[in-house]
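Trainee: Quick one, model.txt (compact mmCIF, C-alpha atoms and all ligand atoms):
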# COMPACT_ATOMS: atom_id res chain seq x y z
CA MET A 1394 112.12 8.28 -60.59
CA LEU A 1395 109.82 5.27 -60.33
CA ILE A 1396 107.77 4.71 -57.17
CA LEU A 1397 105.69 1.63 -56.40
CA GLY A 1398 102.72 2.62 -54.23
CA ILE A 1399 100.69 0.20 -52.11
CA GLU A 1400 97.38 1.05 -50.40
CA SER A 1401 95.18 -1.16 -48.20
CA SER A 1402 93.72 1.14 -45.54
CA CYS A 1403 90.05 0.20 -45.93
CA ASP A 1404 88.32 -2.03 -48.50
CA GLU A 1405 90.43 -1.39 -51.60
CA THR A 1406 93.65 -3.27 -52.27
CA ALA A 1407 95.64 -1.08 -54.63
CA ALA A 1408 99.08 -0.84 -56.20
CA SER A 1409 100.47 1.61 -58.72
CA VAL A 1410 103.67 2.57 -60.46
CA VAL A 1411 104.14 6.32 -60.85
CA GLU A 1412 106.96 7.91 -62.81
CA ILE A 1413 108.07 11.37 -61.70
CA ASN A 1414 110.22 13.71 -63.70
CA GLU A 1415 112.39 15.17 -60.97
CA LYS A 1416 113.21 18.33 -62.93
CA THR A 1417 109.68 19.34 -63.85
CA GLY A 1418 107.77 17.60 -61.05
CA LYS A 1419 105.42 16.13 -63.67
CA SER A 1420 104.07 12.71 -62.86
CA LYS A 1421 102.80 9.93 -65.08
CA THR A 1422 100.80 7.03 -63.73
CA LEU A 1423 102.10 3.91 -65.47
CA SER A 1424 99.60 1.64 -63.73
CA ASN A 1425 96.79 2.11 -61.20
CA ILE A 1426 95.41 -1.27 -60.14
CA ILE A 1427 92.52 -1.40 -57.65
CA SER A 1428 90.79 -4.49 -56.37
CA SER A 1429 87.61 -3.20 -54.78
CA GLN A 1430 85.64 -5.14 -52.18
CA ILE A 1431 82.52 -3.01 -52.50
CA ALA A 1432 80.45 -5.90 -53.90
CA ILE A 1433 81.39 -8.05 -50.89
CA HIS A 1434 80.59 -5.43 -48.23
CA GLN A 1435 77.42 -4.19 -49.91
CA LYS A 1436 75.34 -7.01 -48.49
CA TYR A 1437 76.30 -5.99 -44.95
CA GLY A 1438 75.62 -2.27 -45.50
CA GLY A 1439 79.20 -1.26 -44.62
CA VAL A 1440 82.78 -2.50 -44.37
CA ILE A 1441 83.30 -5.54 -42.11
CA PRO A 1442 86.93 -5.21 -40.97
CA GLU A 1443 87.55 -8.97 -40.56
CA VAL A 1444 86.24 -9.71 -44.06
CA ALA A 1445 88.24 -6.79 -45.53
CA ALA A 1446 91.43 -8.06 -43.88
CA ARG A 1447 91.07 -11.53 -45.40
CA GLU A 1448 90.39 -10.12 -48.85
CA HIS A 1449 93.50 -7.93 -48.69
CA VAL A 1450 95.60 -11.01 -47.95
CA PHE A 1451 94.23 -12.77 -51.04
CA ASN A 1452 94.54 -9.75 -53.29
CA VAL A 1453 97.69 -7.90 -52.38
CA LEU A 1454 100.35 -9.91 -54.25
CA PRO A 1455 98.33 -10.31 -57.47
CA VAL A 1456 97.58 -6.57 -57.38
CA VAL A 1457 101.26 -5.63 -56.91
CA HIS A 1458 102.23 -8.07 -59.66
CA GLU A 1459 99.62 -6.59 -62.00
CA ALA A 1460 100.78 -3.05 -61.22
CA LEU A 1461 104.34 -3.88 -62.24
CA SER A 1462 103.46 -5.96 -65.27
CA SER A 1463 100.88 -3.60 -66.72
CA ALA A 1464 103.33 -0.71 -66.24
CA GLY A 1465 105.93 -2.82 -68.09
CA ILE A 1466 108.38 -2.23 -65.25
CA ASN A 1467 110.76 -4.80 -63.81
CA TYR A 1468 110.95 -4.49 -60.01
CA LYS A 1469 114.69 -3.84 -60.32
CA LYS A 1470 113.91 -0.43 -61.85
CA ILE A 1471 111.73 0.73 -58.95
CA ASN A 1472 113.50 3.45 -56.91
CA ALA A 1473 111.38 3.25 -53.76
CA ILE A 1474 108.26 1.66 -52.28
CA ALA A 1475 105.60 3.87 -50.68
CA VAL A 1476 102.89 2.35 -48.51
CA THR A 1477 99.94 3.68 -46.52
CA LYS A 1478 100.73 3.48 -42.79
CA GLY A 1479 97.45 5.00 -41.53
CA PRO A 1480 94.92 6.24 -40.68
CA GLY A 1481 92.61 3.38 -41.55
CA LEU A 1482 91.49 -0.04 -40.35
CA VAL A 1483 94.52 -1.53 -38.63
CA THR A 1484 93.66 -5.05 -39.75
CA SER A 1485 93.53 -3.82 -43.36
CA LEU A 1486 96.60 -1.59 -43.16
CA ILE A 1487 98.92 -4.31 -41.92
CA THR A 1488 98.56 -6.40 -45.07
CA GLY A 1489 99.79 -3.62 -47.34
CA MET A 1490 102.45 -2.67 -44.82
CA GLU A 1491 103.79 -6.20 -44.38
CA THR A 1492 103.88 -6.65 -48.14
CA ALA A 1493 105.77 -3.39 -48.63
CA ARG A 1494 108.12 -4.16 -45.77
CA THR A 1495 108.91 -7.61 -47.17
CA LEU A 1496 109.43 -6.35 -50.72
CA ALA A 1497 111.66 -3.51 -49.48
CA TYR A 1498 113.79 -6.04 -47.60
CA VAL A 1499 113.97 -8.67 -50.34
CA TRP A 1500 114.41 -6.21 -53.22
CA ASP A 1501 116.63 -3.91 -51.17
CA LYS A 1502 114.59 -0.77 -51.86
CA PRO A 1503 113.98 2.33 -49.73
CA LEU A 1504 110.63 2.24 -47.95
CA ILE A 1505 108.40 5.24 -47.22
CA GLY A 1506 105.41 5.12 -44.88
CA VAL A 1507 102.73 7.50 -46.19
CA ASN A 1508 99.82 9.09 -44.36
CA HIS A 1509 96.56 8.23 -46.15
CA ILE A 1510 95.24 11.81 -45.97
CA ALA A 1511 98.52 13.13 -47.42
CA GLY A 1512 97.93 10.59 -50.19
CA HIS A 1513 94.48 12.02 -50.93
CA ILE A 1514 95.98 15.50 -50.99
CA TYR A 1515 98.61 14.44 -53.51
CA SER A 1516 95.91 13.03 -55.81
CA ASP A 1517 95.51 16.65 -56.93
CA PHE A 1518 99.12 16.78 -58.09
CA LEU A 1519 98.84 13.58 -60.14
CA GLU A 1520 99.08 14.21 -63.88
CA THR A 1521 97.75 17.75 -63.62
CA ASP A 1522 98.56 20.42 -66.20
CA GLN A 1523 97.44 23.20 -63.86
CA LYS A 1524 100.06 25.21 -62.01
CA ILE A 1525 99.82 24.64 -58.27
CA VAL A 1526 101.03 27.61 -56.25
CA PHE A 1527 101.57 27.67 -52.47
CA PRO A 1528 100.19 28.54 -49.99
CA LEU A 1529 97.20 26.41 -50.77
CA ILE A 1530 94.12 25.15 -49.02
CA VAL A 1531 92.89 21.59 -49.50
CA LEU A 1532 89.41 20.44 -48.66
CA THR A 1533 89.91 16.71 -48.29
CA VAL A 1534 86.69 14.76 -47.81
CA SER A 1535 86.37 11.06 -47.49
CA GLY A 1536 84.60 8.23 -45.68
CA GLY A 1537 87.09 8.38 -42.83
CA HIS A 1538 88.06 12.06 -42.65
CA THR A 1539 87.01 15.63 -43.43
CA ASN A 1540 89.80 18.18 -43.21
CA LEU A 1541 90.79 21.62 -44.30
CA VAL A 1542 94.55 21.61 -44.68
CA LEU A 1543 96.95 24.50 -45.22
CA MET A 1544 100.08 23.67 -47.22
CA LYS A 1545 102.80 26.31 -47.41
CA SER A 1546 105.08 23.95 -49.33
CA HIS A 1547 105.36 20.28 -50.22
CA ASN A 1548 105.18 17.96 -47.22
CA HIS A 1549 104.03 20.65 -44.82
CA PHE A 1550 100.49 20.02 -43.75
CA LYS A 1551 98.65 22.04 -41.16
CA ILE A 1552 95.13 21.00 -40.27
CA ILE A 1553 93.11 24.19 -39.92
CA GLY A 1554 89.69 22.55 -39.79
CA GLU A 1555 88.36 19.06 -39.17
CA THR A 1556 85.19 17.24 -38.34
CA ARG A 1557 84.26 17.00 -34.69
CA ASP A 1558 82.23 13.83 -35.34
CA ASP A 1559 81.29 12.11 -38.61
CA ALA A 1560 83.21 12.56 -41.85
CA ALA A 1561 81.33 13.88 -44.89
CA GLY A 1562 81.49 10.49 -46.67
CA GLU A 1563 80.31 8.81 -43.49
CA ALA A 1564 77.36 11.24 -43.43
CA TYR A 1565 76.51 10.16 -46.98
CA ASP A 1566 76.84 6.48 -46.03
CA LYS A 1567 74.75 6.76 -42.86
CA GLY A 1568 72.13 8.93 -44.56
CA ALA A 1569 71.82 6.35 -47.33
CA LYS A 1570 71.42 3.62 -44.74
CA MET A 1571 68.54 5.52 -43.08
CA LEU A 1572 66.89 5.95 -46.46
CA ASP A 1573 67.35 2.24 -47.14
CA LEU A 1574 69.55 2.84 -50.17
CA GLY A 1575 72.54 0.56 -49.58
CA TYR A 1576 76.31 1.07 -49.49
CA PRO A 1577 78.35 3.10 -50.34
CA GLY A 1578 75.96 6.00 -49.83
CA GLY A 1579 77.72 8.78 -51.75
CA PRO A 1580 77.06 7.63 -55.32
CA ILE A 1581 73.46 6.50 -54.55
CA VAL A 1582 72.42 9.67 -52.68
CA SER A 1583 73.96 11.76 -55.44
CA LYS A 1584 72.07 9.79 -58.14
CA TYR A 1585 68.70 10.37 -56.42
CA ALA A 1586 69.53 14.02 -55.75
CA LYS A 1587 70.26 14.51 -59.45
CA GLU A 1588 66.99 12.85 -60.44
CA PHE A 1589 65.12 15.16 -58.08
CA ALA A 1590 66.90 18.26 -59.40
CA GLU A 1591 66.11 17.25 -62.97
CA SER A 1592 62.45 16.59 -62.16
CA GLY A 1593 61.93 20.33 -61.67
CA GLN A 1594 60.00 19.77 -58.43
CA LYS A 1595 60.32 22.17 -55.52
CA ASN A 1596 62.27 20.96 -52.49
CA ASN A 1597 60.14 21.26 -49.34
CA ILE A 1598 62.65 19.74 -46.93
CA THR A 1599 64.80 22.02 -44.79
CA LEU A 1600 67.87 20.61 -43.06
CA PRO A 1601 70.31 22.45 -40.75
CA ARG A 1602 73.90 23.50 -41.50
CA PRO A 1603 75.59 22.56 -38.19
CA MET A 1604 78.50 24.79 -37.09
CA ILE A 1605 78.19 26.94 -40.18
CA GLY A 1606 79.02 30.24 -38.53
CA ASN A 1607 81.50 28.70 -36.22
CA GLY A 1608 85.11 28.54 -37.41
CA LEU A 1609 86.61 25.99 -39.77
CA ASP A 1610 85.63 22.76 -38.01
CA PHE A 1611 82.77 20.63 -39.29
CA SER A 1612 80.02 18.62 -37.66
CA PHE A 1613 77.79 16.22 -39.59
CA SER A 1614 76.20 14.14 -36.86
CA GLY A 1615 73.53 16.80 -36.14
CA LEU A 1616 72.61 16.86 -39.82
CA LYS A 1617 72.30 13.07 -39.83
CA THR A 1618 70.07 13.18 -36.73
CA ALA A 1619 67.94 15.94 -38.29
CA LEU A 1620 67.40 13.69 -41.32
CA LEU A 1621 66.43 10.80 -39.05
CA TYR A 1622 63.89 12.87 -37.11
CA GLN A 1623 62.31 14.20 -40.30
CA ILE A 1624 61.94 10.71 -41.76
CA GLN A 1625 60.46 9.41 -38.51
CA LYS A 1626 57.80 12.14 -38.62
CA ASP A 1627 57.03 11.70 -42.31
CA LYS A 1628 54.69 8.77 -43.13
CA ASP A 1629 55.29 9.38 -46.81
CA TRP A 1630 59.13 9.40 -46.69
CA LYS A 1631 59.49 6.31 -48.88
CA ASN A 1632 57.85 8.21 -51.75
CA ARG A 1633 60.07 11.23 -51.13
CA VAL A 1634 63.48 9.53 -51.04
CA ALA A 1635 64.84 11.56 -53.97
CA GLU A 1636 63.77 14.82 -52.31
CA TYR A 1637 65.43 13.78 -49.01
CA CYS A 1638 68.62 12.90 -50.91
CA PHE A 1639 68.54 16.29 -52.63
CA ALA A 1640 68.10 18.26 -49.39
CA TYR A 1641 70.66 16.16 -47.51
CA GLN A 1642 73.31 16.44 -50.22
CA GLU A 1643 72.62 20.16 -50.62
CA ALA A 1644 73.34 20.68 -46.92
CA ILE A 1645 76.59 18.66 -47.02
CA ILE A 1646 77.89 20.43 -50.12
CA ASP A 1647 76.88 23.86 -48.87
CA ILE A 1648 78.73 23.36 -45.56
CA LEU A 1649 81.86 21.98 -47.26
CA SER A 1650 82.04 24.70 -49.91
CA ARG A 1651 81.36 27.63 -47.59
CA LYS A 1652 84.07 26.54 -45.15
CA ALA A 1653 86.59 25.98 -47.96
CA ILE A 1654 86.01 29.54 -49.19
CA ILE A 1655 86.31 31.02 -45.68
CA ALA A 1656 89.60 29.13 -45.18
CA ALA A 1657 91.01 30.22 -48.55
CA LYS A 1658 90.20 33.86 -47.77
CA LYS A 1659 91.56 33.67 -44.25
CA TYR A 1660 94.91 32.18 -45.32
CA GLN A 1661 95.12 34.06 -48.63
CA ALA A 1662 95.49 30.83 -50.53
CA LYS A 1663 96.89 31.00 -54.05
CA THR A 1664 95.33 27.65 -54.94
CA ILE A 1665 92.32 25.71 -53.63
CA MET A 1666 92.25 21.92 -53.95
CA LEU A 1667 89.55 19.32 -53.43
CA SER A 1668 90.29 15.65 -52.76
CA GLY A 1669 89.07 12.38 -51.20
CA GLY A 1670 86.28 9.94 -52.06
CA VAL A 1671 83.53 12.57 -51.74
CA SER A 1672 85.33 14.71 -54.36
CA ALA A 1673 83.96 12.21 -56.91
CA ASN A 1674 80.62 13.95 -56.35
CA ALA A 1675 79.64 15.84 -59.50
CA GLU A 1676 77.46 18.34 -57.65
CA LEU A 1677 80.22 19.19 -55.15
CA ARG A 1678 82.66 19.70 -58.02
CA THR A 1679 80.40 22.11 -59.89
CA TYR A 1680 79.02 23.91 -56.82
CA LEU A 1681 82.48 24.55 -55.36
CA ALA A 1682 83.82 25.64 -58.75
CA LYS A 1683 80.96 28.14 -59.08
CA LYS A 1684 81.49 29.48 -55.57
CA VAL A 1685 85.25 29.85 -56.08
CA SER A 1686 84.89 31.64 -59.41
CA LYS A 1687 82.36 34.02 -57.86
CA GLU A 1688 84.10 34.74 -54.56
CA LEU A 1689 87.76 34.19 -55.42
CA PRO A 1690 87.93 34.59 -59.20
CA ASN A 1691 91.73 34.73 -59.30
CA THR A 1692 92.27 31.57 -57.28
CA PRO A 1693 92.47 28.37 -59.32
CA LEU A 1694 90.58 25.32 -58.07
CA ILE A 1695 92.23 21.93 -58.61
CA ILE A 1696 89.96 18.90 -58.69
CA PRO A 1697 91.42 15.40 -59.05
CA LYS A 1698 90.69 13.10 -61.98
CA LEU A 1699 87.82 10.79 -61.06
CA SER A 1700 90.10 7.74 -60.99
CA TYR A 1701 92.11 9.40 -58.20
CA THR A 1702 89.22 10.45 -55.95
CA THR A 1703 88.47 7.24 -54.07
CA ASP A 1704 91.24 5.12 -52.54
CA ASN A 1705 94.07 4.31 -54.94
CA ALA A 1706 97.81 3.72 -54.74
CA ALA A 1707 98.94 6.28 -57.35
CA MET A 1708 98.27 9.06 -54.82
CA ILE A 1709 100.28 7.13 -52.20
CA ALA A 1710 103.18 6.74 -54.65
CA LEU A 1711 103.25 10.49 -55.38
CA ALA A 1712 102.96 11.53 -51.72
CA GLY A 1713 105.75 9.00 -51.05
CA TYR A 1714 107.89 10.58 -53.76
CA TYR A 1715 107.70 14.05 -52.21
CA ALA A 1716 108.47 12.67 -48.76
CA PHE A 1717 111.40 10.65 -50.14
CA ARG A 1718 112.68 13.67 -52.05
CA ASP A 1719 112.73 15.61 -48.79
CA GLY A 1720 114.64 12.88 -46.99
CA ALA A 1721 111.89 10.71 -45.46
CA LYS A 1722 112.79 7.07 -45.33
CA THR A 1723 111.44 4.37 -43.06
CA SER A 1724 113.56 1.32 -42.34
CA TRP A 1725 111.63 -1.89 -42.95
CA GLN A 1726 112.24 -2.88 -39.34
CA LYS A 1727 110.59 0.28 -38.04
CA LEU A 1728 107.50 0.69 -40.22
CA LYS A 1729 104.56 1.08 -37.83
CA VAL A 1730 100.89 1.90 -38.13
CA ASN A 1731 100.47 5.61 -37.47
CA VAL A 1732 97.01 7.09 -37.16
CA ASN A 1733 98.24 10.68 -36.75
CA PHE A 1734 98.41 13.15 -39.57
CA GLY A 1735 101.86 13.85 -40.97
CA LEU A 1736 104.53 11.84 -42.67
O1 LIG B 1 88.52 8.18 -49.99
P1 LIG B 1 87.62 7.02 -49.89
O2 LIG B 1 87.61 6.04 -51.03
O3 LIG B 1 87.90 6.18 -48.59
C1 LIG B 1 88.26 6.75 -47.37
O4 LIG B 1 89.43 7.17 -47.22
O5 LIG B 1 87.34 6.84 -46.52
O6 LIG B 1 86.14 7.61 -49.65
C2 LIG B 1 85.02 6.79 -49.56
C3 LIG B 1 83.83 7.68 -49.30
C4 LIG B 1 82.54 6.91 -48.98
O7 LIG B 1 81.99 7.44 -47.79
C5 LIG B 1 81.65 7.17 -50.18
O8 LIG B 1 80.26 7.21 -49.86
C6 LIG B 1 82.15 8.51 -50.65
O9 LIG B 1 83.54 8.48 -50.45
N1 LIG B 1 81.86 8.73 -52.07
C7 LIG B 1 81.04 9.70 -52.50
C8 LIG B 1 80.96 9.54 -53.91
N2 LIG B 1 81.73 8.48 -54.27
C9 LIG B 1 82.29 8.00 -53.12
N3 LIG B 1 80.38 10.66 -51.84
C10 LIG B 1 79.60 11.49 -52.57
N4 LIG B 1 79.45 11.39 -53.90
C11 LIG B 1 80.11 10.44 -54.62
N5 LIG B 1 79.94 10.37 -55.93
ZN ZN B 2 90.70 7.36 -48.54
Before anything else, please render the file you have as structure tokens.
Ligand code: KG4
Ligand code: ZN

Mentor:
Amino acid sequence: MLILGIESSCDETAASVVEINEKTGKSKTLSNIISSQIAIHQKYGGVIPEVAAREHVFNVLPVVHEALSSAGINYKKINAIAVTKGPGLVTSLITGMETARTLAYVWDKPLIGVNHIAGHIYSDFLETDQKIVFPLIVLTVSGGHTNLVLMKSHNHFKIIGETRDDAAGEAYDKGAKMLDLGYPGGPIVSKYAKEFAESGQKNNITLPRPMIGNGLDFSFSGLKTALLYQIQKDKDWKNRVAEYCFAYQEAIIDILSRKAIIAAKKYQAKTIMLSGGVSANAELRTYLAKKVSKELPNTPLIIPKLSYTTDNAAMIALAGYYAFRDGAKTSWQKLKVNVNFGL
């Protein structure tokens, strides 16, 4: 089966063709085209929704065209179109949705509205050789969301933990802003943290782990405020940016990993998965892997390929496939933005 995925929930316009072998469940990404607006938004220190919306309008058709042509697939062969319907910036989402709706109508294809978080979760199933056994726990961490999700089977998502305030990626982005490091914060903070770790110096900065002993929900705003207060008190903070990045990242990763382990134990997960933009973080990948192999040595950890961590349309295509397989279909007349979790 061939699915065309379209994603435009934030500042990436993306389209992808994914081929799924229905017998084995194996997927192959035939194209994964992403037009990123990071360079445009960098000068403002964050995504400007109005600017993002205009860029999506310029980019969406060329990106869809490129996805089909580089996959070598004629649109007639596509079995269904999957598109992100939310959550995200509404003004960004509607461009991908209108494009998908129009193509579904004109090409007479089934249309599937996909939840963006479900998309991130399915990035772990893309082109993996590892066996994924249910029930599983996914830690999905991004700029817009931070969730622990229990999946007992395909398409069944139960949120068992979520952030009460900022998302983990947002914490990276806001922390980087305070430290005057630019946007997006994740890759920059992680670069400085690595430099500090490699310097062999001792970290003298202590930051809190909000809500650590308190269930499966997260809170990052207190951590962000703690960073702000420490910088305000420290006349020398500009010379200690790498150390601040190290301590800040250490706190984020520690909180995320500890809660993922608690959730996996509580629900007796047979697989643990990590996904979302923050899962691109090398330190999070290795730290969580170490923790899992120590505390749950028989539970495999699935980590997505780097190209599937930040927003992309291959993950939307695969999530769309599983929904379609289980009977989900959205008529082009009825496709609506939906900010709730679930398909
Ligand atoms: O999934 P994504 O592309 O978009 C949303 O759905 O939000 O995630 C973007 C987020 C940003 O907050 C960015 O700072 C973070 O992912 N991110 C990272 C890294 N790369 C991207 N965070 C930590 N380390 C990274 N290497
Ligand atoms: Zn995302």

Trainee: Check every protein, DNA and RNA residue against ligand LIG 1 (chain B), keep those with an atom at most 8 Å away (counting all atoms listed in the file), and present them as a PyMOL selection string.

Mentor: chain A and resi 1402-1403+1405+1481+1509-1510+1513+1534-1538+1560-1566+1576-1583+1669-1675+1677+1702-1705

Trainee: Tell me which protein, DNA and RNA residues are within 10 Å of stretch 1517-1523 of chain A, counting only C-alpha atoms, leaving out same-chain ones fewer than 2 positions away, and put them as a count of residues only.

Mentor: 31

Trainee: Report, in Å to a single decimal, how far apart atom CA of A:Arg1447 and atom CA of A:Tyr1498 are.

Mentor: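 Atom CA of A:Arg1447 lies 23.5 Å from atom CA of A:Tyr1498.
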
Trainee: Kindly indicate which residue among A:Leu1681, A:Leu1423, A:Ile1709, A:Leu1529 lies nearest to ligand ZN 2 (chain B), using only C-alpha atoms and all ligand atoms for the distances.

Mentor: A:Ile1709

Trainee: Nearest to A:Gly1554: which of A:Ile1466, A:Ala1635, A:Ala1657, A:Val1456 is it, counting only C-alpha atoms?

Mentor: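 Going through A:Ile1466, A:Ala1635, A:Ala1657, A:Val1456 one by one, the smallest distance to A:Gly1554 is for A:Ala1657.
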
Trainee: Looking at all atoms listed in the file, which of A:Ala1569, A:Phe1613, A:Asn1632, A:Leu1397 is the one that sits closest to A:Leu1496?

Mentor: A:Leu1397

Trainee: What does the structure give for the distance between atom CA of A:Ala1475 and atom CA of A:Lys1502, in Å to one decimal?

Mentor: 10.2 Å

Trainee: Counting all atoms listed in the file, I want the residues whose atoms come within 6 Å of (67.5, 19.7, -57.4) in the file frame, returned as an MDAnalysis selection string.

Mentor: chainID A and resid 1589:1590 1639

Trainee: Write a file of the selected residues as a PDB file, in the frame of the given file, keeping C-alpha atoms.

Mentor:
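Written out: out38.pdb:
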ATOM      1  CA  PHE A1589      65.120  15.160 -58.080  1.00  0.00           C
ATOM      2  CA  ALA A1590      66.900  18.260 -59.400  1.00  0.00           C
ATOM      3  CA  PHE A1639      68.540  16.290 -52.630  1.00  0.00           C
TER       4      PHE A1639
END

Trainee: Please measure the separation of atom CA of A:Ala1408 and atom CA of A:Lys1436, giving the value in Å to one decimal.

Mentor: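 These atoms are spaced 25.7 Å apart.
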
Trainee: Find, counting all atoms listed in the file, the residue in A:Thr1618, A:Ser1592, A:Ser1485, A:Ser1401 that gets nearest to ligand ZN 2 (chain B).

Mentor: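 Ranking A:Thr1618, A:Ser1592, A:Ser1485, A:Ser1401 by distance to ligand ZN 2 (chain B), first place goes to A:Ser1401.
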
Trainee: Between A:Ser1724, A:Thr1406, A:Asn1607, A:Thr1664, which is the closest to ligand ZN 2 (chain B) once you count all atoms listed in the file?

Mentor: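 That would be A:Thr1406, the residue with the smallest distance to ligand ZN 2 (chain B).
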
Trainee: Fewer than 6 positions away in the same chain doesn't count, so skip those; otherwise give me all residues within 6 Å of A:Ala1473, counting only C-alpha atoms, as a ChimeraX atom specification.

Mentor: /A:1396,1502-1504

Trainee: Residues around (92.4, -9.6, -44.8), cut-off 12 Å, counting only C-alpha atoms - what are they as a ChimeraX atom specification?

Mentor: /A:1401-1406,1430,1440-1453,1482-1489,1491

Trainee: A:Met1604, A:Leu1572, A:Ile1399, A:Ala1511: which is nearest ligand ZN 2 (chain B), counting only C-alpha atoms and all ligand atoms?

Mentor: A:Ala1511

Trainee: For stretch 1518-1535 of chain A, what centre and edge lengths in Å (one decimal) does the axis-aligned box get once 6 Å is added on each side of all its listed atoms, as JSON?

Mentor:
{"center_x": 94.0, "center_y": 19.8, "center_z": -56.8, "size_x": 27.2, "size_y": 29.5, "size_z": 30.7}
